[in-house]
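**Q** To be precise about what I am sending: the file is called final-v9.txt and holds compact mmCIF, C-alpha atoms.
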# COMPACT_ATOMS: atom_id res chain seq x y z
CA MET A 1 9.55 5.20 15.39
CA CYS A 2 12.00 8.01 14.72
CA ARG A 3 14.46 7.64 11.89
CA TRP A 4 17.74 8.34 13.62
CA THR A 5 20.88 6.80 12.39
CA VAL A 6 23.17 5.01 14.79
CA LEU A 7 26.67 5.80 15.92
CA LEU A 8 28.61 5.37 19.08
CA VAL A 9 31.33 3.07 17.84
CA LEU A 10 33.36 0.91 20.18
CA MET A 11 35.84 -0.72 17.86
CA PHE A 12 37.71 0.42 14.76
CA PHE A 13 39.59 -1.75 12.29
CA PRO A 14 41.99 -1.06 9.43
CA PRO A 15 40.46 -0.33 6.05
CA LEU A 16 39.99 -3.05 3.41
CA THR A 17 38.76 -5.53 6.06
CA PHE A 18 35.32 -5.38 4.41
CA THR A 19 34.52 -5.15 0.72
CA GLN A 20 30.69 -4.92 0.83
CA GLU A 21 30.17 -1.86 3.01
CA VAL A 22 30.50 1.76 1.90
CA SER A 23 30.05 5.11 3.58
CA VAL A 24 27.32 7.32 2.12
CA ASN A 25 27.33 11.12 2.24
CA ALA A 26 24.09 12.70 1.02
CA SER A 27 24.38 16.49 1.11
CA GLY A 28 26.01 16.25 4.54
CA ARG A 29 23.87 13.40 5.92
CA GLU A 30 25.99 10.38 6.79
CA GLY A 31 24.96 6.76 6.46
CA GLY A 32 26.09 3.39 5.29
CA GLY A 33 25.34 1.18 2.33
CA LEU A 34 25.96 -2.20 0.78
CA LEU A 35 27.43 -2.70 -2.68
CA ARG A 36 25.77 -4.90 -5.25
CA ALA A 37 26.63 -5.43 -8.92
CA ARG A 38 24.23 -5.93 -11.81
CA GLY A 39 26.01 -7.03 -14.95
CA SER A 40 28.71 -4.50 -15.69
CA ASP A 41 27.22 -1.82 -13.41
CA CYS A 42 27.73 -1.15 -9.70
CA TYR A 43 25.07 -0.04 -7.22
CA ALA A 44 24.74 0.66 -3.51
CA ILE A 45 21.70 -0.17 -1.37
CA THR A 46 21.01 2.18 1.54
CA ALA A 47 18.23 3.60 3.71
CA ASP A 48 15.95 5.82 1.65
CA HIS A 49 15.62 8.56 4.27
CA VAL A 50 19.39 9.13 4.19
CA VAL A 51 19.38 10.15 0.52
CA GLN A 52 15.93 11.70 0.09
CA GLU A 53 16.08 15.24 -1.33
CA ALA A 54 19.88 15.18 -1.41
CA THR A 55 21.42 17.34 -4.12
CA ALA A 56 24.75 15.47 -4.16
CA ILE A 57 25.54 11.93 -3.04
CA THR A 58 28.98 10.29 -2.75
CA VAL A 59 30.10 6.91 -1.49
CA THR A 60 33.50 5.94 -0.09
CA ASP A 61 34.88 2.40 0.20
CA GLY A 62 37.45 0.89 2.54
CA GLY A 63 40.29 1.82 0.21
CA HIS A 64 39.39 5.53 0.46
CA HIS A 65 38.04 5.49 -3.10
CA GLN A 66 35.22 7.96 -3.57
CA ALA A 67 32.58 8.05 -6.31
CA SER A 68 29.55 10.14 -7.17
CA VAL A 69 26.25 8.28 -7.28
CA SER A 70 22.66 9.07 -8.22
CA LEU A 71 19.37 8.01 -6.66
CA THR A 72 18.01 5.44 -9.11
CA LYS A 73 15.22 3.64 -7.29
CA GLU A 74 13.23 4.29 -4.12
CA TYR A 75 11.08 1.91 -2.09
CA ASN A 76 9.53 4.49 0.22
CA SER A 77 7.35 2.21 2.32
CA GLU A 78 10.32 -0.06 3.04
CA ASP A 79 12.79 2.86 3.52
CA LEU A 80 15.19 1.41 0.95
CA ALA A 81 16.94 3.05 -1.97
CA ILE A 82 19.26 2.01 -4.79
CA LEU A 83 22.13 4.29 -5.83
CA SER A 84 23.83 3.99 -9.21
CA PHE A 85 27.43 4.98 -9.88
CA ASP A 86 27.75 7.90 -12.26
CA GLY A 87 29.54 6.95 -15.46
CA HIS A 88 28.77 3.24 -14.92
CA ASP A 89 31.91 2.87 -12.79
CA ARG A 90 31.99 -0.75 -11.59
CA ALA A 91 35.35 -0.62 -9.82
CA MET A 92 33.96 -0.49 -6.27
CA CYS A 93 31.89 -3.62 -6.82
CA ASN A 94 34.95 -5.67 -7.76
CA GLY A 95 35.38 -8.10 -4.88
CA SER A 96 32.08 -7.25 -3.21
CA ARG A 97 30.40 -10.23 -1.65
CA TRP A 98 26.64 -9.92 -2.01
CA PRO A 99 25.35 -13.39 -1.06
CA SER A 100 24.23 -15.66 -3.88
CA HIS A 101 21.33 -16.87 -1.73
CA THR A 102 19.67 -15.85 1.53
CA ASP A 103 17.96 -19.09 2.52
CA GLY A 104 19.99 -19.60 5.71
CA ILE A 105 19.45 -16.16 7.22
CA GLY A 106 16.56 -17.30 9.40
CA ASN A 107 18.72 -19.90 11.13
CA LEU A 108 21.61 -17.48 11.56
CA LEU A 109 19.34 -14.96 13.22
CA LYS A 110 17.58 -17.54 15.35
CA ASN A 111 20.86 -18.71 16.85
CA ALA A 112 22.59 -15.33 16.98
CA GLY A 113 21.55 -14.14 20.45
CA ALA A 114 24.14 -11.56 21.49
CA ASN A 115 26.55 -12.47 18.70
CA GLY A 116 25.47 -9.85 16.19
CA LYS A 117 27.28 -6.68 15.23
CA LEU A 118 26.54 -3.58 13.23
CA VAL A 119 29.27 -2.82 10.70
CA LYS A 120 29.90 0.27 8.59
CA LEU A 121 32.67 2.35 7.13
CA THR A 122 33.24 5.77 8.61
CA ALA A 123 33.64 8.80 6.37
CA GLY A 124 37.40 8.43 6.90
CA GLY A 125 37.39 4.86 5.59
CA ALA A 126 37.84 3.02 8.90
CA VAL A 127 35.63 0.04 9.73
CA ALA A 128 33.39 0.63 12.76
CA GLN A 129 31.62 -2.14 14.63
CA MET A 130 29.06 -2.24 17.42
CA PRO A 131 28.04 -5.51 19.12
CA VAL A 132 24.27 -5.98 19.34
CA THR A 133 21.76 -8.47 20.72
CA MET A 134 18.68 -9.64 18.81
CA THR A 135 15.56 -8.82 20.84
CA HIS A 136 12.94 -9.74 18.22
CA ILE A 137 13.14 -11.64 14.93
CA GLY A 138 10.27 -11.17 12.49
CA ASP A 139 9.67 -12.29 8.91
CA GLY A 140 10.87 -8.99 7.47
CA GLN A 141 12.53 -7.11 10.31
CA VAL A 142 14.81 -7.69 13.27
CA ILE A 143 15.01 -5.54 16.40
CA VAL A 144 18.48 -5.14 17.88
CA ARG A 145 19.84 -3.62 21.08
CA PRO A 146 23.44 -2.52 21.62
CA THR A 147 25.29 -4.95 23.87
CA GLY A 148 26.67 -3.29 27.02
CA ASP A 149 25.41 -0.33 29.01
CA GLN A 150 27.96 2.07 27.52
CA ASN A 151 26.85 1.58 23.93
CA VAL A 152 24.34 4.05 22.54
CA ILE A 153 22.75 4.10 19.10
CA ALA A 154 23.10 7.64 17.77
CA ARG A 155 23.26 9.35 14.41
CA GLY A 156 25.30 8.07 11.48
CA TRP A 157 24.58 4.38 10.77
CA SER A 158 21.37 4.04 8.80
CA GLY A 159 22.13 1.73 5.90
CA SER A 160 24.88 -0.12 7.75
CA ALA A 161 25.13 -3.91 7.81
CA LEU A 162 24.03 -6.32 10.50
CA GLU A 163 26.41 -9.28 10.58
CA VAL A 164 26.21 -12.64 12.34
CA ASN A 165 29.17 -15.02 12.27
CA GLY A 166 30.77 -13.09 9.41
CA SER A 167 27.65 -13.10 7.22
CA ILE A 168 25.58 -10.04 6.34
CA VAL A 169 22.00 -10.71 7.47
CA GLY A 170 20.37 -7.28 7.28
CA ILE A 171 20.50 -3.51 6.79
CA LEU A 172 19.88 -1.11 9.68
CA LEU A 173 17.15 1.41 8.88
CA SER A 174 16.12 3.28 12.03
CA VAL A 175 16.27 3.53 15.81
CA ASP A 176 13.69 4.37 18.44
CA PRO A 177 15.30 7.15 20.53
CA SER A 178 13.18 6.31 23.57
CA THR A 179 14.39 2.71 23.79
CA MET A 180 17.59 2.78 21.70
CA LEU A 181 16.32 -0.28 19.82
CA GLY A 182 17.31 -0.44 16.15
CA THR A 183 15.15 -1.78 13.34
CA VAL A 184 16.93 -3.91 10.74
CA SER A 185 15.49 -5.17 7.47
CA ARG A 186 16.47 -8.79 7.00
CA LEU A 187 18.59 -9.38 3.94
CA ASP A 188 16.17 -11.98 2.56
CA TYR A 189 13.41 -9.36 2.83
CA VAL A 190 15.64 -6.73 1.19
CA ARG A 191 16.43 -9.19 -1.58
CA ALA A 192 12.73 -9.81 -2.20
CA ILE A 193 12.12 -6.06 -2.48
CA VAL A 194 15.05 -5.13 -4.74
CA GLY A 195 15.34 -8.51 -6.48
CA PRO A 196 13.36 -7.55 -9.61
CA PHE A 197 15.84 -4.70 -10.17
CA PHE A 198 18.91 -6.94 -9.93
CA GLU A 199 17.86 -10.45 -10.87
CA PRO A 200 16.13 -12.05 -13.85
CA THR A 201 12.54 -12.87 -12.98
CA ASP A 202 10.20 -15.62 -14.08
CA PRO A 203 8.13 -14.79 -17.18
CA ASP A 204 5.18 -12.59 -16.31
CA PRO A 205 1.95 -13.53 -18.13
CA PHE A 206 0.69 -9.94 -18.16
CA LEU A 207 3.92 -8.59 -19.68
CA ASP A 208 3.87 -11.36 -22.28
CA SER A 209 0.24 -10.61 -23.13
CA VAL A 210 0.83 -6.87 -23.50
CA ALA A 211 3.77 -7.58 -25.82
CA SER A 212 1.76 -9.97 -27.99
CA PRO A 213 0.65 -9.11 -31.56
CA ASP A 214 -2.94 -9.95 -30.59
CA PHE A 215 -2.92 -7.20 -27.96
CA ALA A 216 -1.74 -4.65 -30.53
CA ILE A 217 -4.38 -5.74 -33.05
CA ARG A 218 -7.25 -5.48 -30.57
CA VAL A 219 -6.16 -2.17 -29.07
CA THR A 220 -5.70 -0.76 -32.57
CA SER A 221 -9.28 -1.73 -33.43
CA LEU A 222 -10.55 -0.01 -30.27
CA LEU A 223 -8.49 3.10 -31.04
CA ASP A 224 -10.07 3.23 -34.51
CA LEU A 225 -13.55 3.11 -32.95
CA LEU A 226 -12.51 5.75 -30.43
CA VAL A 227 -11.27 8.14 -33.12
CA HIS A 228 -14.53 7.75 -35.07
CA ASN A 229 -16.65 7.96 -31.88
CA LYS A 230 -18.15 4.51 -32.42
CA LEU A 231 -17.28 2.68 -29.20
CA GLU A 232 -20.96 1.67 -28.96
CA ALA A 233 -20.07 -0.96 -31.58
CA VAL A 234 -18.48 -3.11 -28.84
CA LYS A 235 -21.51 -2.94 -26.50
CA GLY A 236 -22.41 -6.44 -25.36
CA GLU A 237 -24.47 -7.88 -22.50
CA TYR A 238 -25.98 -5.56 -19.90
CA GLN A 239 -23.93 -5.45 -16.69
CA GLY A 240 -25.79 -3.03 -14.42
CA ASP A 241 -26.40 0.61 -13.59
CA GLN A 242 -25.45 3.04 -10.87
CA LYS A 243 -27.13 6.29 -9.87
CA ILE A 244 -24.69 9.15 -10.30
CA GLU A 245 -26.97 12.09 -9.53
CA GLU A 246 -30.67 12.91 -9.68
CA LYS A 247 -32.21 11.67 -12.96
CA LEU A 248 -28.85 10.51 -14.29
CA PHE A 249 -27.68 6.90 -14.35
CA ASP A 250 -24.49 5.22 -15.54
CA ASN A 251 -25.43 2.05 -17.44
CA SER A 252 -22.66 -0.49 -18.02
CA TYR A 253 -22.37 -3.17 -20.69
CA TYR A 254 -19.69 -5.79 -21.13
CA SER A 255 -17.38 -5.15 -24.06
CA LEU A 256 -17.38 -7.58 -26.97
CA VAL A 257 -13.60 -7.12 -27.25
CA GLN A 258 -11.48 -8.99 -24.70
CA LEU A 259 -7.95 -7.64 -24.25
CA PRO A 260 -5.06 -10.08 -23.65
CA GLY A 261 -3.70 -9.70 -20.13
CA PHE A 262 -7.02 -8.56 -18.68
CA GLY A 263 -8.92 -11.37 -17.03
CA LYS A 264 -12.40 -9.93 -17.50
CA PRO A 265 -14.19 -8.03 -20.27
CA GLY A 266 -14.09 -4.28 -20.41
CA LEU A 267 -17.13 -2.21 -19.43
CA VAL A 268 -18.79 0.23 -21.82
CA HIS A 269 -20.44 3.06 -19.87
CA PHE A 270 -23.46 5.07 -21.08
CA TRP A 271 -25.41 7.90 -19.47
CA SER A 272 -29.15 7.29 -19.10
CA HIS A 273 -31.34 10.38 -18.59
CA GLY A 274 -34.64 10.49 -16.75
CA CYS A 275 -35.42 6.75 -16.59
CA TYR A 276 -34.65 5.24 -13.21
CA THR A 277 -35.74 1.66 -13.92
CA CYS A 278 -35.19 1.19 -17.65
CA ARG A 279 -32.50 1.52 -20.25
CA SER A 280 -34.49 3.24 -22.98
CA HIS A 281 -32.95 6.69 -22.57
CA LEU A 282 -29.31 5.89 -23.22
CA ASP A 283 -27.07 8.42 -24.88
CA LYS A 284 -26.09 7.26 -28.34
CA HIS A 285 -22.37 7.21 -27.62
CA PRO A 286 -20.68 5.80 -24.49
CA THR A 287 -18.74 7.98 -22.08
CA SER A 288 -15.93 5.46 -21.72
CA LEU A 289 -14.67 1.93 -22.24
CA VAL A 290 -12.76 0.66 -19.21
CA TYR A 291 -10.58 -2.43 -18.70
CA SER A 292 -9.20 -3.30 -15.27
CA GLN A 293 -6.97 -6.00 -13.87
CA SER A 294 -6.21 -6.89 -10.25
CA PHE A 295 -3.05 -8.79 -9.28
CA ASP A 296 -2.49 -10.95 -6.21
CA ASP A 297 1.31 -10.87 -5.97
CA PRO A 298 3.40 -11.60 -2.87
CA ILE A 299 3.43 -8.50 -0.69
CA ARG A 300 7.22 -8.25 -0.73
CA VAL A 301 7.45 -7.74 -4.47
CA LYS A 302 4.03 -6.54 -5.61
CA ASN A 303 4.82 -2.82 -5.86
CA ASP A 304 7.79 -3.33 -8.16
CA LEU A 305 5.93 -5.83 -10.35
CA LEU A 306 2.94 -3.53 -10.65
CA GLU A 307 5.23 -0.67 -11.65
CA ARG A 308 6.87 -2.77 -14.36
CA ARG A 309 3.47 -3.82 -15.67
CA PHE A 310 2.28 -0.22 -15.73
CA ASP A 311 5.41 0.87 -17.61
CA ALA A 312 5.09 -1.97 -20.13
CA LEU A 313 1.41 -1.22 -20.75
CA SER A 314 2.04 2.50 -21.13
CA ASP A 315 4.99 1.98 -23.48
CA ARG A 316 2.88 -0.36 -25.60
CA ILE A 317 0.06 2.20 -25.86
CA ALA A 318 2.57 4.95 -26.67
CA ALA A 319 3.92 2.88 -29.56
CA LEU A 320 0.42 2.50 -31.00
CA ILE A 321 -0.47 6.22 -30.80
CA PRO A 322 2.87 8.03 -31.21
CA SER A 323 1.28 11.33 -32.27
CA TRP A 324 -0.80 11.66 -29.08
CA THR A 325 0.40 13.88 -26.21
CA ARG A 326 1.48 11.95 -23.13
CA ASN A 327 1.06 13.41 -19.64
CA SER A 328 2.32 11.48 -16.61
CA TYR A 329 1.27 11.99 -13.00
CA HIS A 330 2.69 10.45 -9.82
CA GLU A 331 0.25 10.50 -6.94
CA PRO A 332 0.89 9.76 -3.24
CA VAL A 333 1.50 6.16 -2.10
CA ASN A 334 2.86 4.91 -5.43
CA GLU A 335 -0.26 5.82 -7.47
CA ARG A 336 0.46 6.56 -11.12
CA ARG A 337 -1.51 7.89 -14.07
CA ASP A 338 -0.59 8.34 -17.74
CA GLU A 339 -2.92 10.22 -20.10
CA TYR A 340 -2.62 10.15 -23.88
CA VAL A 341 -4.58 13.05 -25.34
CA LYS A 342 -5.57 14.12 -28.87
CA ASN A 343 -8.44 16.34 -30.05
CA GLY A 344 -10.28 15.94 -26.76
CA MET A 345 -9.98 12.14 -26.78
CA LYS A 346 -8.10 10.34 -24.01
CA VAL A 347 -6.53 6.98 -23.37
CA VAL A 348 -5.86 6.78 -19.63
CA LEU A 349 -3.76 4.28 -17.69
CA ASP A 350 -3.84 4.26 -13.90
CA SER A 351 -2.38 2.24 -11.07
CA ASP A 352 -3.35 2.34 -7.41
CA GLY A 353 0.20 1.32 -6.46
CA PHE A 354 -0.93 -1.89 -4.76
CA HIS A 355 -3.06 -4.33 -6.77
CA ASN A 356 -4.86 -2.75 -9.71
CA LEU A 357 -4.21 -1.48 -13.22
CA GLY A 358 -6.77 0.28 -15.40
CA LEU A 359 -6.98 1.16 -19.10
CA LYS A 360 -9.69 3.62 -20.17
CA PHE A 361 -10.76 4.84 -23.63
CA MET A 362 -12.63 8.16 -23.49
CA PRO A 363 -14.19 9.84 -26.56
CA GLY A 364 -13.93 13.58 -26.99
CA LEU A 365 -17.48 14.45 -25.89
Now that the file is in, can you turn its structure into structure tokens?
**A**
Amino acid sequence: MCRWTVLLVLMFFPPLTFTQEVSVNASGREGGGLLRARGSDCYAITADHVVQEATAITVTDGGHHQASVSLTKEYNSEDLAILSFDGHDRAMCNGSRWPSHTDGIGNLLKNAGANGKLVKLTAGGAVAQMPVTMTHIGDGQVIVRPTGDQNVIARGWSGSALEVNGSIVGILLSVDPSTMLGTVSRLDYVRAIVGPFFEPTDPDPFLDSVASPDFAIRVTSLLDLLVHNKLEAVKGEYQGDQKIEEKLFDNSYYSLVQLPGFGKPGLVHFWSHGCYTCRSHLDKHPTSLVYSQSFDDPIRVKNDLLERRFDALSDRIAALIPSWTRNSYHEPVNERRDEYVKNGMKVVLDSDGFHNLGLKFMPGL
């Protein structure tokens, strides 16, 4: 599906009719957005492809007020982005009407039929509307078609609001140019995605565990063994081996040290040379000690939760080894990796961007 934006507007209204919608200009690309406050700060939610790689982004409200904004948060797979107002200017969010709950959106959509409309502000501050019909209603997305043969979805409306009976029920993201059908993310889905950024969340056991004194004590003890190249001291029960190459096996043993937040013991890995069926040729020192944790979060919020857990874990490690050099890497599809390095030793954190976090201690061999 091609990411066009939509614009052939049939009706214009005086400014100040709407207080939630804004016009977005991202280095010449036009789109729409919805305002949302968080505490004393103001933000706008828009389609990510509108603002990607933009060097300057401004938003304009119905009162012709313009403000510079910055790209603060991207949700690439959902094509959503959060823009923050430079200088923490909250003025535009005064009077905005982000819904306090989204529980009734399913019923509104179910009964909408041809009573929907796309709504956005033009760059000149006028309110533009296009009537649309719901052709498909899914759990996360809605497909809409312009009502009337003369209406065409063209460039300019990505990030605009879908309204039903005066209530915002979604954000338009893209249009298929071959069918002129628009794809809208339901507002309850959008809220689930961006909710951790805006709303207090329930306590997270992993975050609580990483912040605990017990976690710091145990990691500190492992770091001491790492520095003195004595990680073999935590070797416990034999776990198994895996052939890496000819005459070289990786033998794994459960760690005697359990880390809070990680549901299973770490694995201490040793090389074994020349003995395919026994463990009598182990190197004296292990190659690594690895802890891993998999999370089964709801799909709508898992990426953001995993990112917060990764950040919390990395910040905690950084506080315990402040003199180590930190290198951060962002891989495709939300993968992340932080390496703390000193004298050839490494403490490595990695995330696959979906379910798993890893913490690895690696001696300077």
**Q** Listed atoms of segment 153-167 of chain A, axis-aligned box, 8 Å per side: centre and edge lengths to one decimal in Å, as AutoDock Vina command-line options?
**A**
--center_x 26.1 --center_y -2.8 --center_z 12.5 --size_x 25.4 --size_y 40.4 --size_z 29.2
**Q** State, in Å with one decimal place, the distance from atom CA of Arg29 of chain A to atom CA of Val59 of chain A.
**A** 11.7 Å
**Q** Could you produce a table of the residues of segment 47-116 of chain A lying within 12 Å of segment 303-317 of chain A, with the nearest pair of atoms per residue and their separation in Å rounded to one decimal, using all atoms listed in the file, ordered by chain and increasing residue number, as CSV?
**A**
residue,atom,partner,partner_atom,distance
A:Lys73,CA,A:Asp304,CA,10.2
A:Glu74,CA,A:Asp304,CA,10.2
A:Tyr75,CA,A:Asp304,CA,8.7
A:Asn76,CA,A:Asn303,CA,10.6
A:Ser77,CA,A:Asn303,CA,9.9
A:Glu78,CA,A:Asn303,CA,10.8
**Q** Counting only C-alpha atoms, which residues have an atom no more than 12 Å from (-6.4, 10.7, -28.1) in the file's coordinates? Please list them as a PyMOL selection string.
**A** chain A and resi 222-229+317-318+320-327+339-348+360-365
**Q** Output the selection as a compact mmCIF listing (two decimals), in the coordinates of the input - C-alpha atoms for each residue.
**A**
# COMPACT_ATOMS: atom_id res chain seq x y z
CA LEU A 222 -10.55 -0.01 -30.27
CA LEU A 223 -8.49 3.10 -31.04
CA ASP A 224 -10.07 3.23 -34.51
CA LEU A 225 -13.55 3.11 -32.95
CA LEU A 226 -12.51 5.75 -30.43
CA VAL A 227 -11.27 8.14 -33.12
CA HIS A 228 -14.53 7.75 -35.07
CA ASN A 229 -16.65 7.96 -31.88
CA ILE A 317 0.06 2.20 -25.86
CA ALA A 318 2.57 4.95 -26.67
CA LEU A 320 0.42 2.50 -31.00
CA ILE A 321 -0.47 6.22 -30.80
CA PRO A 322 2.87 8.03 -31.21
CA SER A 323 1.28 11.33 -32.27
CA TRP A 324 -0.80 11.66 -29.08
CA THR A 325 0.40 13.88 -26.21
CA ARG A 326 1.48 11.95 -23.13
CA ASN A 327 1.06 13.41 -19.64
CA GLU A 339 -2.92 10.22 -20.10
CA TYR A 340 -2.62 10.15 -23.88
CA VAL A 341 -4.58 13.05 -25.34
CA LYS A 342 -5.57 14.12 -28.87
CA ASN A 343 -8.44 16.34 -30.05
CA GLY A 344 -10.28 15.94 -26.76
CA MET A 345 -9.98 12.14 -26.78
CA LYS A 346 -8.10 10.34 -24.01
CA VAL A 347 -6.53 6.98 -23.37
CA VAL A 348 -5.86 6.78 -19.63
CA LYS A 360 -9.69 3.62 -20.17
CA PHE A 361 -10.76 4.84 -23.63
CA MET A 362 -12.63 8.16 -23.49
CA PRO A 363 -14.19 9.84 -26.56
CA GLY A 364 -13.93 13.58 -26.99
CA LEU A 365 -17.48 14.45 -25.89
**Q** Which residues come within 10 Å of Val50 of chain A, counting all atoms listed in the file, excluding same-chain residues fewer than 5 positions away, as a PyMOL selection string?
**A** chain A and resi 3-5+24-32+57+79-81+156-159+173
**Q** Can you list, as a list of chain:residue names, every protein, DNA or RNA residue that comes within 10 Å of Cys93 of chain A when you count all atoms listed in the file, leaving out same-chain residues fewer than 4 positions away?
**A**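 What passes the distance filter is A:Thr19, A:Gln20, A:Leu34, A:Leu35, A:Arg36, A:Ala37, A:Arg38, A:Ser40, A:Asp41, A:Cys42, A:Tyr43, A:Ala44, A:Asp61, A:Asp89, A:Arg97, A:Trp98.
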**Q** Report, in Å with one decimal, the straight-line distance from atom CA of Gly182 of chain A to atom CA of Val144 of chain A.
**A** 5.1 Å
**Q** Give as a ChimeraX atom specification the set of residues within 10 Å of the point (14.0, -8.9, 15.8), where distances use the file's coordinates and all atoms listed in the file.
**A** /A:109-110,133-145,181-186
**Q** So how many Å separate atom CA of His269 of chain A and atom CA of Asn334 of chain A, to one decimal?
**A**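 Answer for the atom CA of His269 of chain A to atom CA of Asn334 of chain A separation: 27.5 Å.
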**Q** What lies within 7 Å of Leu162 of chain A using all atoms listed in the file, ignoring chain neighbours under 2 positions off, as an MDAnalysis selection string?
**A** chainID A and resid 116:119 160 164 168:172
**Q** When distances are computed from all atoms listed in the file, which of A:Lys264, A:His330, A:Arg218, A:His355 shows the smallest separation from Ser294 of chain A?
**A** A:His355
